[in-house]
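my_file20.pdb (PDB, C-alpha atoms, pLDDT in the B column)
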ATOM      1  CA  MET A  89       0.000   0.000   0.000  1.00 91.00           C
ATOM      2  CA  GLN A  90       1.488   3.324  -1.133  1.00 96.00           C
ATOM      3  CA  LEU A  91       0.896   6.554   0.827  1.00 97.00           C
ATOM      4  CA  ASN A  92       0.011   9.618  -1.231  1.00 98.00           C
ATOM      5  CA  CYS A  93      -0.332  13.207  -0.024  1.00 97.00           C
ATOM      6  CA  ASP A  94      -1.384  16.552  -1.529  1.00 97.00           C
ATOM      7  CA  MET A  95       1.726  18.738  -1.605  1.00 97.00           C
ATOM      8  CA  GLY A  96       3.012  22.103  -2.833  1.00 97.00           C
ATOM      9  CA  GLU A  97      -0.193  23.946  -1.979  1.00 96.00           C
ATOM     10  CA  SER A  98       1.447  27.134  -0.688  1.00 94.00           C
ATOM     11  CA  PHE A  99       1.825  30.206  -2.888  1.00 92.00           C
ATOM     12  CA  GLY A 100       3.629  33.491  -2.404  1.00 90.00           C
ATOM     13  CA  PRO A 101       3.774  34.282   1.333  1.00 90.00           C
ATOM     14  CA  TRP A 102       0.779  32.019   2.087  1.00 89.00           C
ATOM     15  CA  GLN A 103       1.834  28.704   3.619  1.00 90.00           C
ATOM     16  CA  MET A 104      -0.154  25.468   3.521  1.00 89.00           C
ATOM     17  CA  GLY A 105       0.882  22.100   4.923  1.00 86.00           C
ATOM     18  CA  ASN A 106       4.134  20.713   6.316  1.00 89.00           C
ATOM     19  CA  ASP A 107       5.662  19.416   3.083  1.00 94.00           C
ATOM     20  CA  GLN A 108       9.278  19.158   4.186  1.00 93.00           C
ATOM     21  CA  ALA A 109       8.376  17.117   7.263  1.00 93.00           C
ATOM     22  CA  VAL A 110       5.794  14.956   5.460  1.00 95.00           C
ATOM     23  CA  MET A 111       7.794  14.090   2.329  1.00 96.00           C
ATOM     24  CA  PRO A 112      10.096  11.437   3.906  1.00 96.00           C
ATOM     25  CA  TRP A 113       7.082   9.414   5.075  1.00 96.00           C
ATOM     26  CA  ILE A 114       5.124   9.146   1.812  1.00 97.00           C
ATOM     27  CA  ASP A 115       5.530   7.352  -1.534  1.00 98.00           C
ATOM     28  CA  MET A 116       3.572   9.624  -3.879  1.00 98.00           C
ATOM     29  CA  ALA A 117       3.340  13.439  -3.925  1.00 98.00           C
ATOM     30  CA  ASN A 118       0.269  14.995  -5.559  1.00 98.00           C
ATOM     31  CA  ILE A 119       1.759  18.395  -6.445  1.00 98.00           C
ATOM     32  CA  ALA A 120      -0.488  21.421  -7.055  1.00 98.00           C
ATOM     33  CA  CYS A 121      -0.009  22.954 -10.495  1.00 98.00           C
ATOM     34  CA  GLY A 122      -0.754  26.655  -9.970  1.00 97.00           C
ATOM     35  CA  PHE A 123      -4.532  26.851 -10.397  1.00 98.00           C
ATOM     36  CA  HIS A 124      -6.092  25.980  -7.024  1.00 97.00           C
ATOM     37  CA  ALA A 125      -2.758  26.677  -5.266  1.00 97.00           C
ATOM     38  CA  SER A 126       1.025  26.863  -5.783  1.00 97.00           C
ATOM     39  CA  ASP A 127       3.343  28.967  -7.948  1.00 97.00           C
ATOM     40  CA  PRO A 128       6.486  28.170  -9.973  1.00 97.00           C
ATOM     41  CA  ASP A 129       8.861  28.540  -6.997  1.00 97.00           C
ATOM     42  CA  THR A 130       6.691  26.359  -4.766  1.00 97.00           C
ATOM     43  CA  MET A 131       6.304  23.757  -7.506  1.00 98.00           C
ATOM     44  CA  SER A 132      10.073  23.656  -8.043  1.00 98.00           C
ATOM     45  CA  ASN A 133      10.862  23.396  -4.322  1.00 98.00           C
ATOM     46  CA  THR A 134       8.301  20.606  -3.878  1.00 98.00           C
ATOM     47  CA  VAL A 135       9.603  18.655  -6.874  1.00 98.00           C
ATOM     48  CA  LYS A 136      13.154  18.986  -5.514  1.00 98.00           C
ATOM     49  CA  GLN A 137      12.060  17.636  -2.114  1.00 98.00           C
ATOM     50  CA  ALA A 138      10.283  14.711  -3.791  1.00 98.00           C
ATOM     51  CA  VAL A 139      13.347  13.845  -5.878  1.00 98.00           C
ATOM     52  CA  ASN A 140      15.595  13.972  -2.809  1.00 98.00           C
ATOM     53  CA  CYS A 141      13.265  11.602  -0.923  1.00 98.00           C
ATOM     54  CA  GLY A 142      12.694   9.215  -3.841  1.00 98.00           C
ATOM     55  CA  VAL A 143       8.970  10.065  -3.961  1.00 98.00           C
ATOM     56  CA  THR A 144       6.912   9.521  -7.128  1.00 98.00           C
ATOM     57  CA  ILE A 145       5.501  12.778  -8.524  1.00 98.00           C
ATOM     58  CA  GLY A 146       1.912  13.223  -9.637  1.00 98.00           C
ATOM     59  CA  ALA A 147       0.144  16.290 -11.000  1.00 98.00           C
ATOM     60  CA  HIS A 148      -2.685  17.648  -8.846  1.00 98.00           C
ATOM     61  CA  PRO A 149      -4.668  19.875 -11.231  1.00 98.00           C
ATOM     62  CA  GLY A 150      -7.788  21.740 -10.137  1.00 98.00           C
ATOM     63  CA  PHE A 151     -10.145  24.482 -11.187  1.00 98.00           C
ATOM     64  CA  ASN A 152      -8.629  27.954 -11.548  1.00 97.00           C
ATOM     65  CA  ASP A 153      -9.871  29.113  -8.149  1.00 96.00           C
ATOM     66  CA  LYS A 154      -7.277  30.023  -5.532  1.00 95.00           C
ATOM     67  CA  THR A 155      -9.866  31.951  -3.502  1.00 95.00           C
ATOM     68  CA  GLY A 156     -11.958  28.808  -3.063  1.00 96.00           C
ATOM     69  CA  PHE A 157      -8.937  26.482  -2.934  1.00 96.00           C
ATOM     70  CA  GLY A 158     -10.364  24.585  -5.905  1.00 96.00           C
ATOM     71  CA  ARG A 159     -13.256  23.234  -3.861  1.00 95.00           C
ATOM     72  CA  ARG A 160     -15.946  25.130  -5.790  1.00 96.00           C
ATOM     73  CA  PRO A 161     -17.197  23.514  -9.008  1.00 95.00           C
ATOM     74  CA  ILE A 162     -16.795  25.719 -12.096  1.00 97.00           C
ATOM     75  CA  PRO A 163     -18.795  24.706 -15.196  1.00 97.00           C
ATOM     76  CA  HIS A 164     -16.613  23.546 -18.101  1.00 98.00           C
ATOM     77  CA  SER A 165     -17.307  21.615 -21.269  1.00 98.00           C
ATOM     78  CA  PRO A 166     -15.613  18.206 -21.403  1.00 97.00           C
ATOM     79  CA  GLU A 167     -13.209  19.564 -24.033  1.00 98.00           C
ATOM     80  CA  SER A 168     -12.273  22.464 -21.742  1.00 98.00           C
ATOM     81  CA  ILE A 169     -11.577  19.992 -18.922  1.00 98.00           C
ATOM     82  CA  THR A 170      -9.143  18.179 -21.218  1.00 98.00           C
ATOM     83  CA  TRP A 171      -7.229  21.424 -21.914  1.00 98.00           C
ATOM     84  CA  LEU A 172      -7.445  22.535 -18.271  1.00 98.00           C
ATOM     85  CA  VAL A 173      -5.708  19.339 -17.145  1.00 98.00           C
ATOM     86  CA  ALA A 174      -3.163  19.302 -19.981  1.00 98.00           C
ATOM     87  CA  TYR A 175      -2.166  22.913 -19.252  1.00 98.00           C
ATOM     88  CA  GLN A 176      -1.428  22.181 -15.594  1.00 98.00           C
ATOM     89  CA  VAL A 177       0.262  18.822 -16.134  1.00 98.00           C
ATOM     90  CA  GLY A 178       2.464  20.397 -18.790  1.00 97.00           C
ATOM     91  CA  ALA A 179       3.517  23.189 -16.433  1.00 98.00           C
ATOM     92  CA  LEU A 180       4.459  20.804 -13.641  1.00 98.00           C
ATOM     93  CA  ASP A 181       6.231  18.405 -15.976  1.00 98.00           C
ATOM     94  CA  ALA A 182       8.333  21.244 -17.408  1.00 98.00           C
ATOM     95  CA  ILE A 183       9.538  21.989 -13.869  1.00 98.00           C
ATOM     96  CA  CYS A 184      10.069  18.273 -13.216  1.00 98.00           C
ATOM     97  CA  GLN A 185      12.346  18.060 -16.245  1.00 98.00           C
ATOM     98  CA  GLN A 186      14.483  20.849 -14.788  1.00 98.00           C
ATOM     99  CA  HIS A 187      15.071  18.489 -11.849  1.00 98.00           C
ATOM    100  CA  GLY A 188      15.713  15.401 -13.986  1.00 98.00           C
ATOM    101  CA  THR A 189      12.363  13.708 -13.432  1.00 98.00           C
ATOM    102  CA  ARG A 190       8.854  13.488 -14.931  1.00 97.00           C
ATOM    103  CA  VAL A 191       5.227  13.473 -13.822  1.00 98.00           C
ATOM    104  CA  LYS A 192       4.036   9.872 -13.459  1.00 98.00           C
ATOM    105  CA  TYR A 193       0.304  10.232 -12.776  1.00 98.00           C
ATOM    106  CA  ILE A 194      -2.614  12.657 -12.509  1.00 98.00           C
ATOM    107  CA  LYS A 195      -4.812  13.069  -9.452  1.00 98.00           C
ATOM    108  CA  PRO A 196      -7.386  15.873  -9.823  1.00 98.00           C
ATOM    109  CA  HIS A 197      -7.999  18.140  -6.837  1.00 98.00           C
ATOM    110  CA  GLY A 198     -11.124  19.135  -4.951  1.00 95.00           C
ATOM    111  CA  ALA A 199     -14.183  19.895  -7.057  1.00 97.00           C
ATOM    112  CA  LEU A 200     -12.506  18.549 -10.187  1.00 98.00           C
ATOM    113  CA  TYR A 201     -11.870  15.228  -8.406  1.00 96.00           C
ATOM    114  CA  HIS A 202     -15.505  15.003  -7.311  1.00 94.00           C
ATOM    115  CA  GLY A 203     -16.591  15.936 -10.831  1.00 96.00           C
ATOM    116  CA  MET A 204     -14.455  13.116 -12.213  1.00 96.00           C
ATOM    117  CA  MET A 205     -16.009  10.637  -9.794  1.00 93.00           C
ATOM    118  CA  ASN A 206     -19.609  11.757 -10.360  1.00 92.00           C
ATOM    119  CA  ASN A 207     -19.691  12.610 -14.078  1.00 95.00           C
ATOM    120  CA  PRO A 208     -18.525  10.062 -16.703  1.00 95.00           C
ATOM    121  CA  GLU A 209     -17.956  12.875 -19.228  1.00 97.00           C
ATOM    122  CA  VAL A 210     -15.543  14.647 -16.876  1.00 98.00           C
ATOM    123  CA  PHE A 211     -13.758  11.365 -16.178  1.00 97.00           C
ATOM    124  CA  GLU A 212     -13.377  10.675 -19.897  1.00 98.00           C
ATOM    125  CA  ALA A 213     -12.133  14.234 -20.532  1.00 98.00           C
ATOM    126  CA  ILE A 214      -9.345  13.723 -17.982  1.00 98.00           C
ATOM    127  CA  VAL A 215      -8.507  10.293 -19.422  1.00 98.00           C
ATOM    128  CA  ILE A 216      -8.245  11.848 -22.906  1.00 98.00           C
ATOM    129  CA  SER A 217      -5.869  14.485 -21.550  1.00 97.00           C
ATOM    130  CA  ALA A 218      -3.645  11.787 -20.023  1.00 97.00           C
ATOM    131  CA  ALA A 219      -3.757   9.667 -23.189  1.00 97.00           C
ATOM    132  CA  ASN A 220      -2.817  12.518 -25.523  1.00 95.00           C
ATOM    133  CA  LEU A 221       0.177  13.756 -23.528  1.00 95.00           C
ATOM    134  CA  ASP A 222       3.445  12.294 -24.829  1.00 90.00           C
ATOM    135  CA  PHE A 223       4.597  10.199 -21.878  1.00 91.00           C
ATOM    136  CA  ARG A 224       6.297   6.790 -21.987  1.00 86.00           C
ATOM    137  CA  PRO A 225       4.931   4.894 -20.154  1.00 87.00           C
ATOM    138  CA  SER A 226       1.486   6.467 -20.257  1.00 91.00           C
ATOM    139  CA  LEU A 227       0.416   8.752 -17.438  1.00 96.00           C
ATOM    140  CA  MET A 228      -1.745   6.985 -14.882  1.00 97.00           C
ATOM    141  CA  ILE A 229      -4.852   8.464 -13.259  1.00 98.00           C
ATOM    142  CA  GLN A 230      -5.438   8.136  -9.534  1.00 97.00           C
ATOM    143  CA  ALA A 231      -9.124   7.731  -8.741  1.00 95.00           C
ATOM    144  CA  LEU A 232     -11.246   6.772  -5.764  1.00 93.00           C
ATOM    145  CA  ASN A 233     -11.989   3.061  -5.455  1.00 89.00           C
ATOM    146  CA  SER A 234     -15.779   3.273  -5.273  1.00 81.00           C
ATOM    147  CA  ASP A 235     -18.566   0.715  -5.750  1.00 74.00           C
ATOM    148  CA  GLU A 236     -18.278  -1.927  -8.463  1.00 72.00           C
ATOM    149  CA  PRO A 237     -20.684  -0.480 -11.123  1.00 74.00           C
ATOM    150  CA  GLN A 238     -18.877   2.868 -11.218  1.00 78.00           C
ATOM    151  CA  LYS A 239     -15.463   1.236 -10.999  1.00 85.00           C
ATOM    152  CA  ALA A 240     -16.303  -1.016 -13.959  1.00 88.00           C
ATOM    153  CA  LEU A 241     -17.504   1.947 -16.033  1.00 91.00           C
ATOM    154  CA  GLN A 242     -14.368   3.958 -15.297  1.00 93.00           C
ATOM    155  CA  LYS A 243     -12.075   1.015 -16.062  1.00 93.00           C
ATOM    156  CA  LYS A 244     -13.837   0.466 -19.386  1.00 95.00           C
ATOM    157  CA  THR A 245     -13.275   4.120 -20.310  1.00 96.00           C
ATOM    158  CA  ALA A 246      -9.636   4.107 -19.191  1.00 97.00           C
ATOM    159  CA  ASP A 247      -8.921   0.841 -21.030  1.00 97.00           C
ATOM    160  CA  ARG A 248     -10.363   2.300 -24.235  1.00 97.00           C
ATOM    161  CA  TYR A 249      -7.610   4.941 -24.163  1.00 96.00           C
ATOM    162  CA  SER A 250      -4.924   2.622 -22.690  1.00 96.00           C
ATOM    163  CA  VAL A 251      -4.648   4.748 -19.532  1.00 97.00           C
ATOM    164  CA  PRO A 252      -3.800   2.813 -16.333  1.00 96.00           C
ATOM    165  CA  LEU A 253      -5.715   3.552 -13.127  1.00 97.00           C
ATOM    166  CA  ILE A 254      -4.443   3.719  -9.559  1.00 96.00           C
ATOM    167  CA  TYR A 255      -7.203   3.105  -7.021  1.00 95.00           C
ATOM    168  CA  GLU A 256      -6.960   5.059  -3.801  1.00 96.00           C
ATOM    169  CA  ALA A 257      -8.711   5.260  -0.451  1.00 96.00           C
ATOM    170  CA  TYR A 258      -8.744   7.992   2.205  1.00 95.00           C
ATOM    171  CA  ALA A 259      -7.515   7.643   5.754  1.00 93.00           C
ATOM    172  CA  ASP A 260      -9.410  10.635   7.166  1.00 93.00           C
ATOM    173  CA  ARG A 261     -12.569  11.008   5.070  1.00 94.00           C
ATOM    174  CA  ALA A 262     -16.014   9.524   5.640  1.00 94.00           C
ATOM    175  CA  TYR A 263     -17.553   7.354   2.915  1.00 94.00           C
ATOM    176  CA  ASP A 264     -21.143   7.132   1.703  1.00 92.00           C
ATOM    177  CA  ASP A 265     -22.841   3.832   0.841  1.00 91.00           C
ATOM    178  CA  HIS A 266     -21.619   3.989  -2.789  1.00 88.00           C
ATOM    179  CA  GLY A 267     -17.976   4.282  -1.773  1.00 89.00           C
ATOM    180  CA  LEU A 268     -17.787   7.995  -2.549  1.00 90.00           C
ATOM    181  CA  LEU A 269     -16.482  10.657  -0.169  1.00 92.00           C
ATOM    182  CA  VAL A 270     -19.060  12.454   1.958  1.00 93.00           C
ATOM    183  CA  SER A 271     -19.243  16.140   1.036  1.00 89.00           C
ATOM    184  CA  ARG A 272     -17.180  18.425   3.274  1.00 88.00           C
ATOM    185  CA  SER A 273     -20.338  20.518   3.741  1.00 88.00           C
ATOM    186  CA  LEU A 274     -21.897  17.716   5.796  1.00 91.00           C
ATOM    187  CA  PRO A 275     -21.112  16.942   9.454  1.00 91.00           C
ATOM    188  CA  GLY A 276     -18.737  14.055  10.008  1.00 91.00           C
ATOM    189  CA  ALA A 277     -17.241  14.261   6.511  1.00 93.00           C
ATOM    190  CA  VAL A 278     -13.687  14.587   7.841  1.00 92.00           C
ATOM    191  CA  HIS A 279     -12.362  12.407  10.651  1.00 91.00           C
ATOM    192  CA  ARG A 280     -10.568  14.569  13.238  1.00 88.00           C
ATOM    193  CA  ASP A 281      -9.870  11.987  15.914  1.00 90.00           C
ATOM    194  CA  SER A 282      -6.564  10.176  15.366  1.00 91.00           C
ATOM    195  CA  SER A 283      -7.866   6.893  16.782  1.00 93.00           C
ATOM    196  CA  ALA A 284     -10.751   6.928  14.273  1.00 92.00           C
ATOM    197  CA  ILE A 285      -8.312   7.623  11.419  1.00 94.00           C
ATOM    198  CA  LEU A 286      -5.991   4.798  12.471  1.00 95.00           C
ATOM    199  CA  GLN A 287      -8.941   2.434  12.809  1.00 95.00           C
ATOM    200  CA  GLN A 288     -10.064   3.322   9.269  1.00 95.00           C
ATOM    201  CA  VAL A 289      -6.515   2.696   8.010  1.00 96.00           C
ATOM    202  CA  ARG A 290      -6.493  -0.780   9.566  1.00 96.00           C
ATOM    203  CA  SER A 291      -9.916  -1.492   8.090  1.00 95.00           C
ATOM    204  CA  LEU A 292      -8.856  -0.342   4.614  1.00 95.00           C
ATOM    205  CA  LEU A 293      -5.755  -2.496   4.782  1.00 95.00           C
ATOM    206  CA  SER A 294      -8.027  -5.473   5.383  1.00 93.00           C
ATOM    207  CA  GLY A 295     -10.060  -4.526   2.294  1.00 92.00           C
ATOM    208  CA  GLU A 296     -13.160  -2.829   3.660  1.00 93.00           C
ATOM    209  CA  VAL A 297     -14.475   0.406   5.125  1.00 93.00           C
ATOM    210  CA  SER A 298     -17.423   1.497   7.286  1.00 93.00           C
ATOM    211  CA  THR A 299     -19.695   4.076   5.645  1.00 93.00           C
ATOM    212  CA  ILE A 300     -21.212   7.041   7.443  1.00 93.00           C
ATOM    213  CA  SER A 301     -24.460   5.048   7.786  1.00 92.00           C
ATOM    214  CA  GLY A 302     -22.646   2.075   9.341  1.00 91.00           C
ATOM    215  CA  LYS A 303     -22.647  -0.152   6.265  1.00 92.00           C
ATOM    216  CA  ARG A 304     -19.508  -2.210   5.547  1.00 92.00           C
ATOM    217  CA  LEU A 305     -18.142  -1.892   1.999  1.00 90.00           C
ATOM    218  CA  LYS A 306     -15.534  -4.089   0.349  1.00 90.00           C
ATOM    219  CA  LEU A 307     -12.852  -1.698  -0.838  1.00 87.00           C
ATOM    220  CA  LYS A 308      -9.351  -2.705  -1.910  1.00 85.00           C
ATOM    221  CA  ALA A 309      -6.993   0.147  -2.826  1.00 92.00           C
ATOM    222  CA  ASP A 310      -3.487   0.539  -4.247  1.00 94.00           C
ATOM    223  CA  SER A 311      -2.815   3.827  -2.479  1.00 96.00           C
ATOM    224  CA  LEU A 312      -3.878   5.546   0.729  1.00 97.00           C
ATOM    225  CA  CYS A 313      -4.316   9.325   0.821  1.00 96.00           C
ATOM    226  CA  VAL A 314      -3.080  11.099   3.952  1.00 94.00           C
ATOM    227  CA  HIS A 315      -3.087  14.817   4.727  1.00 90.00           C
ATOM    228  CA  GLY A 316      -0.297  16.934   6.178  1.00 81.00           C
ATOM    229  CA  ASP A 317      -2.207  20.168   6.715  1.00 73.00           C
ATOM    230  CA  ASN A 318      -2.827  20.098  10.468  1.00 65.00           C
ATOM    231  CA  PRO A 319      -0.518  20.375  13.523  1.00 63.00           C
ATOM    232  CA  ASP A 320      -0.740  16.688  14.452  1.00 78.00           C
ATOM    233  CA  ALA A 321      -0.315  15.422  10.885  1.00 87.00           C
ATOM    234  CA  ILE A 322       3.338  14.385  11.020  1.00 89.00           C
ATOM    235  CA  ALA A 323       3.016  12.086  14.039  1.00 91.00           C
ATOM    236  CA  LEU A 324      -0.189  10.627  12.596  1.00 93.00           C
ATOM    237  CA  ILE A 325       1.392   9.945   9.184  1.00 95.00           C
ATOM    238  CA  GLN A 326       4.317   8.254  10.940  1.00 94.00           C
ATOM    239  CA  GLN A 327       1.862   5.987  12.766  1.00 95.00           C
ATOM    240  CA  ILE A 328       0.039   5.235   9.496  1.00 96.00           C
ATOM    241  CA  ARG A 329       3.361   4.402   7.819  1.00 95.00           C
ATOM    242  CA  GLN A 330       4.169   2.012  10.669  1.00 95.00           C
ATOM    243  CA  ILE A 331       0.788   0.262  10.343  1.00 95.00           C
ATOM    244  CA  VAL A 332       1.112  -0.028   6.557  1.00 94.00           C
ATOM    245  CA  THR A 333       4.686  -1.297   6.776  1.00 91.00           C
ATOM    246  CA  SER A 334       3.863  -3.916   9.401  1.00 87.00           C
ATOM    247  CA  THR A 335       0.843  -5.097   7.378  1.00 79.00           C
ATOM    248  CA  ASP A 336       2.870  -5.325   4.174  1.00 70.00           C
ATOM    249  CA  ALA A 337       5.488  -7.392   6.025  1.00 61.00           C
ATOM    250  CA  THR A 338       2.925  -9.882   7.362  1.00 61.00           C
ATOM    251  CA  PRO A 339       3.140 -13.209   5.428  1.00 55.00           C
TER     252      PRO A 339
END
Target encoding C-alpha cells, full file:
Amino acid sequence: MQLNCDMGESFGPWQMGNDQAVMPWIDMANIACGFHASDPDTMSNTVKQAVNCGVTIGAHPGFNDKTGFGRRPIPHSPESITWLVAYQVGALDAICQQHGTRVKYIKPHGALYHGMMNNPEVFEAIVISAANLDFRPSLMIQALNSDEPQKALQKKTADRYSVPLIYEAYADRAYDDHGLLVSRSLPGAVHRDSSAILQQVRSLLSGEVSTISGKRLKLKADSLCVHGDNPDAIALIQQIRQIVTSTDATP
C-alpha cells in the first residue's frame, strides 16, 4: 500500500501544509499545479524535495480558483476539462524536467476530483488528456476506489484509451454507501480523531471500510491518501506508515 499526499499547496507568502516534514514518510506526492494553489517557486521546491526523498511525482490539477482552494465547481465543457488538465500537467512536468524527473500520474484536486467521480464525461475528458500527452509509459490516473458499477464503467473508459488507473482510499474522510467521499459541507465528513483515522486505516488495509451510515463496503486500494495540513499530521502519518509497513510485512 502506497501513501500519497497533496503537496506544494502554498503560494507566495501564504503557507499550507508541512511538506518538508511529510515528504520522507510518503511514496507519492500529488503536487499542485498553480490553479487551485502553488506557484512556480513552490512547484520547483516541492519537486526537488520529492526527488531527494525518492517520492513519485503526480500532477494535482484543479479548477482555476485560488480563492476557493479549488473546492468550488466551475462549469466547463468536457473539451475544456481536457485542456485545463493538460495545461497544468504540462507546467508541472516542465519543472520536473528541470530536476531530472517526470510526472508519473494525474490526481485531480477538490471539485474537479468530485466531478471526475460523479460525471462520466468529466472522467473521460481527464482520461483523454492523459492519453494525448506524450509520456512513456502512459500517465496513470489516480481515482477513488468506489462501488463496483462505477469502478467497472471507469475502467472500461480508461482501457479504451490505454490509460492505467491507480485506485486510492482515504484515511481521514467519511464514505457514503456507494464508496464515494461524503461532502465536506456535511457533518462528520472529515475524521478529526486520530484513533478513528488509524482504525479506518487498519480497516482499509483489510479490504473494507465502514460508511457514514454504518454499512460495511468491500474496498481494496493501491494507495492511501493522507493529509499533512494540520498540527498533528506528522506524528499521525508516521503511525500510518508504521501500520502499513507492518501489514505489508505480514506473510
Picked residues, the PyMOL selection byres ((chain A and resi 292-295) around 10), expected as an NGL selection string: :A and (89 or 257-259 or 286-291 or 296-298 or 305-310 or 312 or 331-332 or 335-336)
Between CA of Lys154 in chain A and CA of Leu232 in chain A, what is the distance, to one decimal in Å?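 Atom-to-atom, CA of Lys154 in chain A to CA of Leu232 in chain A, that is 23.6 Å.
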Choose the residue, out of A:Gln90, A:Ser226, A:Asn140, A:Asn233, that has the smallest atom-to-atom separation from Tyr193 in chain A; count all atoms listed in the file.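 Of the candidates, the smallest distance to Tyr193 in chain A is held by A:Ser226.
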Output the residue selection produced by the PyMOL selection byres ((chain A and resi 265-276) around 8) on the file above, formatted as a ChimeraX atom specification. /A:205,232-235,261-264,277-279,299-301,303,305,307
Need the shell around range 92-99 of chain A: protein/DNA/RNA residues with any atom at most 6 Å away, counting only C-alpha atoms. Skip same-chain ones fewer than 2 positions apart. Format as a list in words? Trp102, Gln103, Met104, Ile114, Asp115, Met116, Ala117, Asn118, Ile119, Ala120, Ala125, Ser126, Asp127, Thr130, Met131, Thr134, Leu312, Cys313, Val314 and His315 of chain A
Spatial neighbours of range 210-221 of chain A, max dist 8 Å, only C-alpha atoms, sep filter under 6 positions, as a list of chain:residue names: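 Returned residues: A:Pro166, A:Glu167, A:Ile169, A:Thr170, A:Trp171, A:Val173, A:Ala174, A:Ile194, A:Gly203, A:Met204, A:Leu227, A:Met228, A:Ile229, A:Gln242, A:Thr245, A:Ala246, A:Tyr249, A:Ser250, A:Val251.
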Find, counting only C-alpha atoms, the residue in A:Leu180, A:Ala199, A:Gln186, A:Asp129 that gets nearest to Pro101 in chain A.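 Distance minimum relative to Pro101 in chain A lands on A:Asp129.
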Counting only C-alpha atoms, find residues at most 7 Å from (-1.4, 11.7, 7.4) (file frame) and give them as number ranges by chain. A: 314-316, 321-322, 324-325, 328
With all atoms listed in the file as the basis for distance, which of A:Ser168, A:Asp317, A:Gly122, A:Arg248 is at the shortest distance from Gly105 in chain A? A:Asp317
What does the structure give for the distance between CA of Ile145 in chain A and CA of Lys243 in chain A, in Å to one decimal? 22.5 Å
Between CA of Glu209 in chain A and CA of His164 in chain A, distance in Å (one decimal): 10.8 Å
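The shortest atom-to-atom distance to Ala284 in chain A, with only C-alpha atoms taken into account, belongs to A:Asp260 out of A:Asp260, A:Ala240, A:Pro252, A:Arg160.
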Applied to this file, what does the PyMOL selection byres ((chain A and resi 112) around 10) return in terms of residues, put as a ChimeraX atom specification? /A:107-111,113-115,137-138,140-143,326
Taking all atoms of range 250-265 of chain A that the file lists and extending 8 Å past them on each side, where is the centre of the axis-aligned box and how long are its edges? Answer in Å to one decimal, as AutoDock Vina command-line options.
--center_x -13.3 --center_y 6.8 --center_z -7.8 --size_x 35.0 --size_y 24.4 --size_z 45.9
Using only C-alpha atoms for the distances, tell me which of A:His202, A:His124, A:Lys195, A:Arg329 is nearest to His148 in chain A.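 So, comparing all the options, the nearest one is A:Lys195.
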